[in-house]
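Below is one structure; the comments refer to it alone.
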Amino acid sequence: MTVKNVHQWLLTKLDDETIFDIYSSSKGKIVCRGFRTNNVHDVKTNRKKLIINLLSPSSYKYFKSWFTKIEGFPENQNESLVDKEIEELLSIAGEEGIVSVFIRLFNQNLDKKAVQLFGEITDHSNHMFEVQNQAFSKYGTENSPDKKSEKSKSIPQSKKSETEHHSIQDKNEDKINKKIEKKLKNIESELEKRTEQHTKRIVDIERKNKETVDSLNKKLTAVHRVVKEKNDEIKEYELAMQKSKNTEKEKDRLIDSLQKQIVDLQKQINELEEILPKKEKGIHILVVGQPASEVPFKNETIEFTFLDNERVYDFKFDDSYDSYWVLGYELSNKEQYLLRQNDSFNQLPDSKINICKQFRDVQILMIIFEKTKVGAL
């Protein structure tokens, strides 16, 4: 039995106004996320949730301190209970109500005695707990139905002020939220503008690159045409040499001359081919599990390497690939188990491992990685 057990029971017996007073007197230190406590009606509507919140670690210490701040007990309830034995406390509880006695004990910092009294009632006088729900006000007196209506008509000015304070606080929060929303819209607008500029830049780069490639291809085509023409000339010369039965020396000389030209032209071709931009696939992915067909994996941006199913256990995985796609739909249960037993696979960064339960997952990953490549340009 603990003090918290007593508090938990006692909270179910406090009226809505007292619960509201506990929240409002904390001056914002007790907060129940997602629920407001601006007035008694808020407490009545969300009473169960608000009571549970008072027992949470963040609110409990402020809730306990509320008891020591209670003032205005009737004269017959002002005496100290420090020297009272449990039997005497039971007698007082029979006269003024058990709820009132517990409030007085906590008000006088007699938590240990409150726990002893609660245990005694639990073991021997359980009927004393049978009091009407929400029966106790913060001033230590039992509320009858008539008094409850009278009390509701005279809300203390301090509670009205507290309600007004919360109303002002809510308005301030609304203003802050509107400012935040405005800033977020500005940020979104700026992001859209930057995205548009970035997209335009990519289009310009691709256009210029295409123009360069087209120009080099034209030059390469022209060189190939000249080479073909020279080869044709060689054939014509050889035929002419055979027909005219010219000397072998003249034939060799002409052939050597033409071959030298071919070498020079071939050199030009090699130089032009080195200048041409090569399409490099900037993303390298290891696919674990041999698919039925590799055709769907053909991609200009991504280079795929496939690992056969039977190698999943002894393959030495390293961190050289950009990502590792595990085709769960291509691996048997045994093969998936063997893969999990591979120490080198377990040492890979979790961020690089993608489990594909179906081919649709592969298609989604391709879209994501292609966008990642474009965003990196």
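Labeling convention for the structure tokens: chains A, B, ... as they appear, residues from 1 per chain, ligands from 1 in order of appearance.
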Query raised in the report: Leaving out Ala114 (chain A) and any residue of its chain fewer than 2 positions from it, which residues lie within 10 Å of it when counting only C-alpha atoms, given as a ChimeraX atom specification?
Result: /A:2-3,6-7,86,89,101-106,109-112,116-120
Would you put the residues from that selection into a file with C-alpha atoms, as a PDB file, in the first residue's frame?
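The result, written out as out32.pdb:
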ATOM      1  CA  THR A   2       1.438   3.389  -1.005  1.00  0.00           C
ATOM      2  CA  VAL A   3       0.508   7.062  -0.828  1.00  0.00           C
ATOM      3  CA  VAL A   6      -4.655   6.593  -1.494  1.00  0.00           C
ATOM      4  CA  HIS A   7      -4.388   9.530  -3.922  1.00  0.00           C
ATOM      5  CA  ILE A  86      -5.851   5.028  13.826  1.00  0.00           C
ATOM      6  CA  LEU A  89      -9.068   8.756  12.976  1.00  0.00           C
ATOM      7  CA  VAL A 101      -9.968  12.963   7.015  1.00  0.00           C
ATOM      8  CA  PHE A 102      -7.637  11.990   4.164  1.00  0.00           C
ATOM      9  CA  ILE A 103      -7.589  15.582   2.895  1.00  0.00           C
ATOM     10  CA  ARG A 104      -6.663  16.840   6.369  1.00  0.00           C
ATOM     11  CA  LEU A 105      -3.914  14.217   6.760  1.00  0.00           C
ATOM     12  CA  PHE A 106      -2.301  15.210   3.430  1.00  0.00           C
ATOM     13  CA  ASN A 109       1.952  16.205   5.654  1.00  0.00           C
ATOM     14  CA  LEU A 110       0.887  13.006   7.444  1.00  0.00           C
ATOM     15  CA  ASP A 111       1.226  10.776   4.382  1.00  0.00           C
ATOM     16  CA  LYS A 112       2.408   7.739   6.355  1.00  0.00           C
ATOM     17  CA  GLN A 116      -1.969   3.253   7.615  1.00  0.00           C
ATOM     18  CA  LEU A 117      -5.578   4.459   7.814  1.00  0.00           C
ATOM     19  CA  PHE A 118      -6.257   3.386   4.220  1.00  0.00           C
ATOM     20  CA  GLY A 119      -4.875  -0.080   4.955  1.00  0.00           C
ATOM     21  CA  GLU A 120      -6.972  -0.417   8.118  1.00  0.00           C
TER      22      GLU A 120
END
Requested in this report: Find the residues near region 55-71 of chain A: any atom within 10 Å, counting only C-alpha atoms, skip ones fewer than 4 places away on the same chain, and give them as a ChimeraX atom specification.
Outcome: /A:3-5,7-8,11,19,21-23,25-26,29-32,50-51,78,102-109,138-140
Requested in this report: Identify all residues of region 215-310 of chain A in strand (DSSP E or B) (DSSP on the backbone) and supply them as an MDAnalysis selection string.
Outcome: chainID A and resid 283:288 302:307
Take the residues from that selection and put them in a file with N, CA, C and O atoms, as a CSV table (one decimal), in the first residue's frame.
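Heads up, here's the output in selection02.csv:
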chain,number,residue,atom,x,y,z
A,283,ILE,N,24.9,4.9,-59.4
A,283,ILE,CA,24.4,4.1,-58.3
A,283,ILE,C,24.7,2.6,-58.5
A,283,ILE,O,24.3,2.1,-59.5
A,284,HIS,N,25.3,2.0,-57.5
A,284,HIS,CA,25.6,0.5,-57.6
A,284,HIS,C,24.9,-0.2,-56.5
A,284,HIS,O,25.1,0.1,-55.3
A,285,ILE,N,24.1,-1.2,-56.9
A,285,ILE,CA,23.2,-1.9,-56.0
A,285,ILE,C,23.5,-3.4,-56.1
A,285,ILE,O,23.5,-3.9,-57.2
A,286,LEU,N,23.6,-4.1,-55.0
A,286,LEU,CA,23.7,-5.5,-55.0
A,286,LEU,C,22.4,-6.1,-54.6
A,286,LEU,O,21.8,-5.8,-53.6
A,287,VAL,N,21.9,-6.9,-55.6
A,287,VAL,CA,20.6,-7.6,-55.4
A,287,VAL,C,20.8,-9.0,-54.9
A,287,VAL,O,21.4,-9.8,-55.5
A,288,VAL,N,20.3,-9.3,-53.7
A,288,VAL,CA,20.4,-10.6,-53.1
A,288,VAL,C,19.2,-11.4,-53.4
A,288,VAL,O,18.1,-11.2,-53.0
A,302,ILE,N,21.1,3.2,-62.7
A,302,ILE,CA,21.5,2.2,-61.6
A,302,ILE,C,22.1,1.0,-62.2
A,302,ILE,O,21.6,0.4,-63.2
A,303,GLU,N,23.2,0.6,-61.7
A,303,GLU,CA,23.9,-0.6,-62.1
A,303,GLU,C,23.7,-1.7,-61.0
A,303,GLU,O,24.0,-1.6,-59.8
A,304,PHE,N,23.0,-2.8,-61.5
A,304,PHE,CA,22.7,-3.9,-60.6
A,304,PHE,C,23.6,-5.1,-60.7
A,304,PHE,O,24.0,-5.4,-61.8
A,305,THR,N,24.0,-5.6,-59.6
A,305,THR,CA,24.8,-6.8,-59.5
A,305,THR,C,24.0,-7.9,-58.7
A,305,THR,O,23.4,-7.6,-57.7
A,306,PHE,N,23.9,-9.1,-59.3
A,306,PHE,CA,23.0,-10.1,-58.7
A,306,PHE,C,23.8,-11.2,-58.0
A,306,PHE,O,24.8,-11.7,-58.5
A,307,LEU,N,23.3,-11.5,-56.8
A,307,LEU,CA,23.9,-12.6,-56.0
A,307,LEU,C,23.0,-13.8,-56.0
A,307,LEU,O,21.8,-13.7,-55.6
Query - Nearest to Arg47 (chain A) by atom-to-atom distance, counting only C-alpha atoms, from A:Asp252, A:Glu88, A:Glu130, A:Asp16 - result: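 Comparing A:Asp252, A:Glu88, A:Glu130, A:Asp16 against Arg47 (chain A), the winner is A:Asp16.
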Query raised in the report: Closest to Phe73 (chain A) among A:Arg225, A:Ser100, A:Gly328, A:Asp214, using only C-alpha atoms?
Result: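 Counting only C-alpha atoms, the residue closest to Phe73 (chain A) is A:Ser100.
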Requested in this report: Report the distance between CA of Phe20 (chain A) and CA of Lys44 (chain A) in Å, rounded to one decimal place.
Outcome: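 Between CA of Phe20 (chain A) and CA of Lys44 (chain A) the gap works out to 9.1 Å.
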Query - Spatial neighbours of region 227-238 of chain A, 8 Å, only C-alpha atoms, chain gap at least 5 places, as a list in words - result: Lys251, Leu254, Ile255, Leu258, Ile262, Leu265 and Gln266 of chain A
Dump as a PDB file, in the first residue's frame, selection limited to C-alpha atoms:
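File produced: out28.pdb:
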ATOM      1  CA  LYS A 251      52.223  -1.489-104.760  1.00  0.00           C
ATOM      2  CA  LEU A 254      50.998   2.868-102.067  1.00  0.00           C
ATOM      3  CA  ILE A 255      49.715   0.382 -99.536  1.00  0.00           C
ATOM      4  CA  LEU A 258      47.333   4.346 -97.295  1.00  0.00           C
ATOM      5  CA  ILE A 262      44.404   4.706 -91.812  1.00  0.00           C
ATOM      6  CA  LEU A 265      42.564   8.378 -88.968  1.00  0.00           C
ATOM      7  CA  GLN A 266      42.134   5.595 -86.425  1.00  0.00           C
TER       8      GLN A 266
END
**Report entry** Val362 (chain A) environment, 12 Å, only C-alpha atoms, sequence neighbours closer than 3 positions dropped, as a ChimeraX atom specification
**Finding:** /A:285,287,291,296-297,304,324-329,354-359,365-369
Could the residues in this selection be saved with N, CA and C atoms as a PDB file, in the first residue's frame?
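Result file out.pdb:
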ATOM      1  N   ILE A 285      24.095  -1.185 -56.932  1.00  0.00           N
ATOM      2  CA  ILE A 285      23.242  -1.904 -55.977  1.00  0.00           C
ATOM      3  C   ILE A 285      23.466  -3.406 -56.126  1.00  0.00           C
ATOM      4  N   VAL A 287      21.853  -6.943 -55.586  1.00  0.00           N
ATOM      5  CA  VAL A 287      20.555  -7.582 -55.423  1.00  0.00           C
ATOM      6  C   VAL A 287      20.784  -8.991 -54.882  1.00  0.00           C
ATOM      7  N   PRO A 291      16.680 -12.997 -59.634  1.00  0.00           N
ATOM      8  CA  PRO A 291      15.308 -12.901 -60.142  1.00  0.00           C
ATOM      9  C   PRO A 291      15.099 -13.824 -61.337  1.00  0.00           C
ATOM     10  N   PRO A 296      13.651  -6.462 -66.106  1.00  0.00           N
ATOM     11  CA  PRO A 296      13.054  -5.312 -65.395  1.00  0.00           C
ATOM     12  C   PRO A 296      14.079  -4.470 -64.659  1.00  0.00           C
ATOM     13  N   PHE A 297      15.299  -4.986 -64.473  1.00  0.00           N
ATOM     14  CA  PHE A 297      16.325  -4.245 -63.739  1.00  0.00           C
ATOM     15  C   PHE A 297      17.216  -3.416 -64.670  1.00  0.00           C
ATOM     16  N   PHE A 304      23.027  -2.820 -61.468  1.00  0.00           N
ATOM     17  CA  PHE A 304      22.662  -3.903 -60.566  1.00  0.00           C
ATOM     18  C   PHE A 304      23.644  -5.066 -60.694  1.00  0.00           C
ATOM     19  N   TYR A 324      21.648  -2.434 -50.692  1.00  0.00           N
ATOM     20  CA  TYR A 324      21.523  -3.887 -50.812  1.00  0.00           C
ATOM     21  C   TYR A 324      20.036  -4.224 -50.787  1.00  0.00           C
ATOM     22  N   TRP A 325      19.527  -4.764 -51.921  1.00  0.00           N
ATOM     23  CA  TRP A 325      18.112  -5.097 -52.031  1.00  0.00           C
ATOM     24  C   TRP A 325      17.945  -6.607 -51.889  1.00  0.00           C
ATOM     25  N   VAL A 326      17.217  -7.011 -50.873  1.00  0.00           N
ATOM     26  CA  VAL A 326      16.989  -8.433 -50.613  1.00  0.00           C
ATOM     27  C   VAL A 326      15.622  -8.804 -51.193  1.00  0.00           C
ATOM     28  N   LEU A 327      15.607  -9.656 -52.242  1.00  0.00           N
ATOM     29  CA  LEU A 327      14.355 -10.074 -52.875  1.00  0.00           C
ATOM     30  C   LEU A 327      13.754 -11.215 -52.067  1.00  0.00           C
ATOM     31  N   GLY A 328      12.935 -10.851 -51.082  1.00  0.00           N
ATOM     32  CA  GLY A 328      12.333 -11.864 -50.218  1.00  0.00           C
ATOM     33  C   GLY A 328      11.461 -12.837 -50.984  1.00  0.00           C
ATOM     34  N   TYR A 329      10.858 -12.369 -52.081  1.00  0.00           N
ATOM     35  CA  TYR A 329       9.970 -13.245 -52.854  1.00  0.00           C
ATOM     36  C   TYR A 329      10.736 -14.239 -53.712  1.00  0.00           C
ATOM     37  N   ASN A 354      17.447  -2.904 -47.921  1.00  0.00           N
ATOM     38  CA  ASN A 354      16.036  -2.763 -48.261  1.00  0.00           C
ATOM     39  C   ASN A 354      15.471  -4.151 -48.537  1.00  0.00           C
ATOM     40  N   ILE A 355      14.418  -4.535 -47.794  1.00  0.00           N
ATOM     41  CA  ILE A 355      13.776  -5.830 -47.968  1.00  0.00           C
ATOM     42  C   ILE A 355      12.597  -5.662 -48.929  1.00  0.00           C
ATOM     43  N   CYS A 356      12.608  -6.406 -50.028  1.00  0.00           N
ATOM     44  CA  CYS A 356      11.544  -6.313 -51.031  1.00  0.00           C
ATOM     45  C   CYS A 356      10.695  -7.587 -50.933  1.00  0.00           C
ATOM     46  N   LYS A 357       9.486  -7.461 -50.395  1.00  0.00           N
ATOM     47  CA  LYS A 357       8.625  -8.614 -50.236  1.00  0.00           C
ATOM     48  C   LYS A 357       7.934  -8.975 -51.551  1.00  0.00           C
ATOM     49  N   GLN A 358       7.816  -8.010 -52.452  1.00  0.00           N
ATOM     50  CA  GLN A 358       7.214  -8.249 -53.755  1.00  0.00           C
ATOM     51  C   GLN A 358       7.881  -7.335 -54.777  1.00  0.00           C
ATOM     52  N   PHE A 359       7.641  -7.617 -56.071  1.00  0.00           N
ATOM     53  CA  PHE A 359       8.317  -6.841 -57.108  1.00  0.00           C
ATOM     54  C   PHE A 359       7.879  -5.389 -57.091  1.00  0.00           C
ATOM     55  N   LEU A 365      11.459   1.362 -55.118  1.00  0.00           N
ATOM     56  CA  LEU A 365      12.849   1.707 -54.796  1.00  0.00           C
ATOM     57  C   LEU A 365      13.562   2.301 -56.012  1.00  0.00           C
ATOM     58  N   MET A 366      13.275   1.779 -57.209  1.00  0.00           N
ATOM     59  CA  MET A 366      13.905   2.327 -58.411  1.00  0.00           C
ATOM     60  C   MET A 366      13.538   3.792 -58.595  1.00  0.00           C
ATOM     61  N   ILE A 367      12.256   4.100 -58.369  1.00  0.00           N
ATOM     62  CA  ILE A 367      11.810   5.497 -58.505  1.00  0.00           C
ATOM     63  C   ILE A 367      12.525   6.378 -57.503  1.00  0.00           C
ATOM     64  N   ILE A 368      12.618   5.890 -56.264  1.00  0.00           N
ATOM     65  CA  ILE A 368      13.280   6.689 -55.199  1.00  0.00           C
ATOM     66  C   ILE A 368      14.739   6.927 -55.536  1.00  0.00           C
ATOM     67  N   PHE A 369      15.471   5.874 -55.948  1.00  0.00           N
ATOM     68  CA  PHE A 369      16.898   6.016 -56.209  1.00  0.00           C
ATOM     69  C   PHE A 369      17.163   6.860 -57.452  1.00  0.00           C
TER      70      PHE A 369
END
